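For reference, coords-v2.cif (mmCIF, C-alpha atoms):
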```cif
data_work
loop_
_atom_site.label_atom_id
_atom_site.label_comp_id
_atom_site.auth_asym_id
_atom_site.auth_seq_id
_atom_site.Cartn_x
_atom_site.Cartn_y
_atom_site.Cartn_z
CA MET A 1103 10.06 -53.74 3.23
CA VAL A 1104 9.64 -54.36 -0.48
CA ARG A 1105 8.73 -57.97 0.20
CA LEU A 1106 6.43 -57.00 3.08
CA ALA A 1107 4.63 -54.57 0.78
CA GLY A 1108 4.14 -57.29 -1.83
CA LEU A 1109 5.89 -55.34 -4.58
CA ALA A 1110 6.90 -57.22 -7.70
CA ALA A 1111 10.62 -56.55 -7.83
CA GLU A 1112 13.65 -58.52 -8.91
CA GLU A 1113 16.53 -58.60 -6.45
CA ILE A 1114 19.94 -57.82 -7.92
CA TYR A 1115 22.95 -58.48 -5.73
CA ILE A 1116 26.09 -56.35 -6.00
CA PRO A 1117 29.15 -57.20 -3.91
CA LEU A 1118 29.81 -54.23 -1.65
CA ALA A 1119 33.60 -54.67 -1.78
CA GLY A 1120 33.93 -52.49 1.29
CA GLY A 1121 32.17 -49.35 0.23
CA ASN A 1122 30.76 -47.12 -2.48
CA THR A 1123 31.96 -48.99 -5.58
CA ALA A 1124 31.72 -48.32 -9.31
CA ALA A 1125 29.28 -51.24 -9.60
CA ILE A 1126 26.90 -49.61 -7.13
CA LYS A 1127 27.33 -46.14 -8.64
CA ALA A 1128 26.44 -47.61 -12.03
CA VAL A 1129 22.93 -48.53 -10.89
CA SER A 1130 22.09 -46.29 -7.91
CA PRO A 1131 21.81 -42.50 -8.38
CA GLY A 1132 23.15 -41.92 -4.87
CA GLY A 1133 25.82 -44.60 -5.17
CA THR A 1134 24.24 -46.38 -2.22
CA VAL A 1135 22.22 -49.47 -1.43
CA PRO A 1136 19.51 -50.42 -0.96
CA TYR A 1137 18.15 -48.99 -4.19
CA LEU A 1138 14.65 -49.60 -5.53
CA GLU A 1139 13.22 -49.13 -9.00
CA HIS A 1140 9.48 -49.75 -9.14
CA GLU A 1141 6.96 -48.61 -11.73
CA GLY A 1142 8.95 -45.50 -12.61
CA ALA A 1143 10.06 -44.68 -9.06
CA ARG A 1144 13.80 -44.58 -8.35
CA ILE A 1145 14.55 -44.59 -4.62
CA TRP A 1146 18.05 -44.93 -3.10
CA GLU A 1147 17.50 -44.26 0.60
CA SER A 1148 16.13 -46.72 3.17
CA LEU A 1149 13.59 -44.46 4.85
CA ALA A 1150 12.33 -43.22 1.50
CA ILE A 1151 11.92 -46.85 0.43
CA ALA A 1152 10.02 -47.51 3.67
CA GLU A 1153 7.65 -44.62 3.00
CA TYR A 1154 7.16 -45.62 -0.64
CA CYS A 1155 6.34 -49.20 0.34
CA ALA A 1156 3.92 -47.95 2.98
CA GLU A 1157 2.13 -45.83 0.39
CA LEU A 1158 1.38 -49.07 -1.44
CA ASN A 1159 0.74 -51.08 1.73
CA PRO A 1160 -0.19 -48.74 4.63
CA ALA A 1161 -0.09 -51.65 7.11
CA LEU A 1162 3.71 -51.35 7.09
CA TRP A 1163 3.30 -48.54 9.62
CA PRO A 1164 0.96 -48.82 12.63
CA ALA A 1165 -2.57 -47.64 11.85
CA GLU A 1166 -2.96 -45.44 14.95
CA ARG A 1167 -1.55 -41.90 14.54
CA ILE A 1168 0.58 -41.74 17.71
CA ALA A 1169 1.96 -45.24 17.22
CA ARG A 1170 2.71 -44.45 13.57
CA ALA A 1171 4.58 -41.27 14.53
CA HIS A 1172 6.56 -43.21 17.13
CA ALA A 1173 7.40 -45.92 14.58
CA ARG A 1174 8.71 -43.34 12.15
CA ALA A 1175 10.76 -41.65 14.88
CA ILE A 1176 12.47 -44.83 16.03
CA ALA A 1177 13.09 -45.96 12.44
CA ALA A 1178 14.73 -42.60 11.73
CA GLU A 1179 16.80 -42.80 14.90
CA MET A 1180 18.04 -46.22 13.90
CA HIS A 1181 18.80 -45.05 10.36
CA ALA A 1182 20.76 -41.98 11.43
CA GLY A 1183 22.26 -43.14 14.70
CA PHE A 1184 24.14 -45.79 16.63
CA ARG A 1185 27.43 -45.06 14.87
CA ALA A 1186 29.52 -46.55 17.68
CA LEU A 1187 27.61 -49.83 17.42
CA ARG A 1188 28.02 -49.90 13.63
CA LEU A 1189 31.77 -49.31 13.89
CA ALA A 1190 32.45 -51.71 16.76
CA MET A 1191 30.14 -54.47 15.51
CA PRO A 1192 30.08 -54.51 11.70
CA MET A 1193 27.20 -56.56 10.35
CA ASN A 1194 28.12 -60.14 9.47
CA LEU A 1195 25.38 -62.76 9.29
CA GLY A 1196 27.79 -65.65 8.93
CA ARG A 1197 30.00 -65.45 12.00
CA ASP A 1198 29.90 -65.80 15.76
CA TYR A 1199 31.89 -62.96 17.31
CA ALA A 1200 30.57 -63.40 20.83
CA GLY A 1201 32.09 -60.89 23.22
CA LEU A 1202 33.79 -58.74 20.59
CA GLY A 1203 33.04 -55.10 19.90
CA GLN A 1204 31.93 -54.19 23.42
CA THR A 1205 33.36 -50.69 23.72
CA PRO A 1206 31.98 -48.15 26.16
CA GLU A 1207 30.47 -46.29 23.22
CA SER A 1208 28.85 -49.34 21.60
CA LEU A 1209 27.45 -50.43 24.96
CA THR A 1210 25.94 -46.95 25.36
CA ASP A 1211 24.26 -47.38 21.96
CA ILE A 1212 23.01 -50.83 22.99
CA ALA A 1213 21.56 -49.44 26.22
CA ARG A 1214 19.69 -46.79 24.22
CA ILE A 1215 18.35 -49.44 21.82
CA GLU A 1216 17.17 -51.63 24.68
CA THR A 1217 15.41 -48.67 26.30
CA LEU A 1218 13.83 -47.69 23.00
CA TRP A 1219 12.60 -51.25 22.34
CA ALA A 1220 11.25 -51.65 25.89
CA ASP A 1221 9.41 -48.33 25.78
CA THR A 1222 7.95 -49.08 22.35
CA ARG A 1223 6.79 -52.55 23.29
CA GLN A 1224 5.32 -51.36 26.58
CA ARG A 1225 3.37 -48.55 24.90
CA PHE A 1226 2.41 -50.18 21.60
CA GLY A 1227 3.41 -53.85 21.49
CA GLY A 1228 0.64 -55.48 23.47
CA THR A 1229 1.19 -59.22 23.56
CA GLY A 1230 2.70 -59.49 20.06
CA PRO A 1231 6.32 -60.44 19.47
CA TYR A 1232 7.28 -57.31 17.50
CA LEU A 1233 7.73 -53.66 18.39
CA PHE A 1234 4.13 -52.76 17.55
CA GLY A 1235 2.44 -56.06 18.31
CA ALA A 1236 1.61 -58.99 16.09
CA ALA A 1237 2.63 -57.44 12.76
CA PHE A 1238 6.22 -57.08 11.54
CA THR A 1239 6.35 -53.42 10.46
CA ASN A 1240 8.79 -51.06 8.76
CA ALA A 1241 10.19 -50.29 12.22
CA ASP A 1242 11.06 -53.95 12.77
CA ALA A 1243 12.60 -54.11 9.29
CA MET A 1244 14.76 -51.06 10.08
CA PHE A 1245 15.98 -52.71 13.29
CA ALA A 1246 16.69 -56.09 11.67
CA PRO A 1247 20.36 -55.12 11.02
CA VAL A 1248 20.72 -54.21 14.72
CA VAL A 1249 19.22 -57.57 15.67
CA ALA A 1250 21.69 -59.25 13.32
CA ARG A 1251 24.57 -57.52 15.08
CA PHE A 1252 23.28 -58.62 18.47
CA LEU A 1253 23.01 -62.21 17.25
CA THR A 1254 26.56 -62.11 15.89
CA TYR A 1255 28.31 -60.35 18.79
CA HIS A 1256 26.11 -61.52 21.69
CA PRO A 1257 26.38 -58.40 23.84
CA PRO A 1258 24.69 -58.62 27.23
CA LEU A 1259 20.97 -57.96 26.68
CA ARG A 1260 17.96 -57.85 28.93
CA PRO A 1261 15.67 -60.89 28.56
CA GLU A 1262 12.97 -58.88 26.78
CA ALA A 1263 15.47 -57.54 24.24
CA GLN A 1264 16.79 -61.06 23.66
CA ALA A 1265 13.22 -62.32 23.15
CA TYR A 1266 12.62 -59.59 20.57
CA CYS A 1267 15.81 -60.59 18.74
CA THR A 1268 14.64 -64.20 18.70
CA SER A 1269 11.28 -63.16 17.24
CA VAL A 1270 12.86 -61.04 14.51
CA ARG A 1271 15.31 -63.79 13.60
CA ALA A 1272 12.42 -66.26 13.28
CA HIS A 1273 10.44 -64.06 10.87
CA PRO A 1274 10.29 -65.87 7.49
CA LEU A 1275 11.77 -62.94 5.55
CA VAL A 1276 14.65 -62.56 8.01
CA ALA A 1277 15.25 -66.32 7.80
CA GLU A 1278 15.41 -65.99 4.00
CA TRP A 1279 17.89 -63.13 4.41
CA TYR A 1280 20.16 -65.38 6.49
CA ASP A 1281 19.77 -68.24 4.02
CA ALA A 1282 20.71 -65.97 1.11
CA SER A 1283 23.73 -64.73 3.05
CA ALA A 1284 24.91 -68.31 3.57
CA GLN A 1285 24.82 -68.84 -0.21
CA GLU A 1286 27.03 -65.84 -1.05
CA PRO A 1287 30.22 -66.82 -2.88
CA ALA A 1288 33.47 -66.81 -0.93
CA SER A 1289 34.80 -64.14 -3.30
CA TRP A 1290 32.38 -61.66 -1.72
CA LEU A 1291 33.86 -62.05 1.76
CA LEU A 1292 36.02 -59.17 2.99
CA ASP A 1293 38.98 -60.10 5.17
CA LYS A 1294 38.49 -57.15 7.54
CA PHE A 1295 35.05 -58.51 8.48
CA GLU A 1296 36.02 -62.18 8.57
CA THR A 1297 38.92 -61.89 11.02
CA MET A 1298 37.54 -59.83 13.89
CA SER A 1299 39.59 -59.88 17.07
#
```
Rewrite the structure of this file - the entire thing - as structure tokens.
Amino acid sequence: MVRLAGLAAEEIYIPLAGGNTAAIKAVSPGGTVPYLEHEGARIWESLAIAEYCAELNPALWPAERIARAHARAIAAEMHAGFRALRLAMPMNLGRDYAGLGQTPESLTDIARIETLWADTRQRFGGTGPYLFGAAFTNADAMFAPVVARFLTYHPPLRPEAQAYCTSVRAHPLVAEWYDASAQEPASWLLDKFETMS
């Protein structure tokens, strides 16, 4: 979202080491990431970062009032929900864990996500590849980690959901995210996420 907004910001990488570490607490008031410092603002929560970026670049949310409200609602649902999916399919951009993590609870979350995406695209997507059409918005950015999980674990998806995942993965900023992940040092890898079974 920071890059989409065109903010001048330096990226600083901190190994997560499996949780809320001293290194993260040393820089982030909430002890969490992502954390943004920009022109005096200190923001340590994803949705707050989304709103801050949209203040500087309003195009990060849809222009139309109803679409914008819907975008905020689905971004918030993603941010606060889908716990079963997060637990069963931890995010890992560098592995292929096809078929793993498919619990009844994670599949329920996936069904909800597919319904949410289909409804959003039907109502607001037009012919564009993203949730709200041709532009990659804050809502798409919030769902990029979900897309990454789907690409890693390959759960059964409807064709339209798979097409959306393909579009998100092809976005230049998402491609850069994957490229940066591939360059992470081996010392950052955590065994519990590298040996899924």
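Distance check against Asp1281 (chain A) using all atoms listed in the file: of A:Leu1253, A:Leu1195, A:Ala1150, A:Ile1212, the minimum falls on A:Leu1195.
For the residues A:Ala1169, A:Ile1114, A:Leu1259, A:Ala1156, ranking by smallest atom-to-atom distance to Tyr1137 (chain A) using only C-alpha atoms places A:Ile1114 first.
Evaluating the PyMOL selection byres ((chain A and resi 1172) around 12) against the shown model yields Trp1163, Pro1164, Ala1165, Glu1166, Arg1167, Ile1168, Ala1169, Arg1170, Ala1171, Ala1173, Arg1174, Ala1175, Ile1176, Ala1177, Ala1178, Glu1179, Leu1218, Trp1219, Asp1221, Thr1222, Arg1223, Arg1225, Phe1226, Gly1227, Leu1233, Phe1234, Asn1240 and Ala1241 of chain A.
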Distance query Leu1275 (chain A) at most 8 Å, only C-alpha atoms, self and fewer than 3 positions along chain excluded, as a PyMOL selection string:
chain A and resi 1105+1278-1279
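Ranking A:Ala1243, A:Val1135, A:Leu1149, A:Ala1284 by their shortest atom-to-atom distance to Pro1117 (chain A), with only C-alpha atoms included, puts A:Val1135 first.
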Select, from A:Leu1209, A:Thr1229, A:Leu1187, A:Ala1236, the residue with the minimum atom-to-atom distance to Ala1161 (chain A), counting only C-alpha atoms.
A:Ala1236
Spell out the residues picked by the PyMOL selection byres ((chain A and resi 1116) around 10) here, as a ChimeraX atom specification.
/A:1113-1115,1117-1119,1123,1125-1126,1129,1135,1290
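Interatomic distance, CA of Ile1145 (chain A) to CA of Leu1162 (chain A): 17.3 Å.
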Any chance you could resolve the PyMOL selection byres ((chain A and resi 1193) around 7) against this file and give the residues as a list in words?
Met1191, Pro1192, Asn1194, Leu1195, Ala1250 and Arg1251 of chain A
Under the rule that all atoms listed in the file are counted, which of A:Ala1200, A:Tyr1255, A:Val1249, A:Tyr1266 is the nearest residue to Ala1220 (chain A)?
A:Tyr1266
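CA of Tyr1280 (chain A) is found 22.5 Å from CA of Glu1262 (chain A).
Atom to atom, CA of Tyr1232 (chain A) and CA of Thr1210 (chain A) stand 22.7 Å apart.
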Quick one: what's the axis-aligned box for region 1240-1250 of chain A, all listed atoms, 6 Å on every side, centre and edges in Å to one decimal, as JSON?
```
{"center_x": 15.2, "center_y": -54.8, "center_z": 12.2, "size_x": 24.9, "size_y": 21.0, "size_z": 18.9}
```
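Near Val1104 (chain A), within 7 Å and counting all atoms listed in the file, sit Gly1108, Leu1109 and Cys1155 of chain A, not including residues fewer than 4 positions from it in the same chain.
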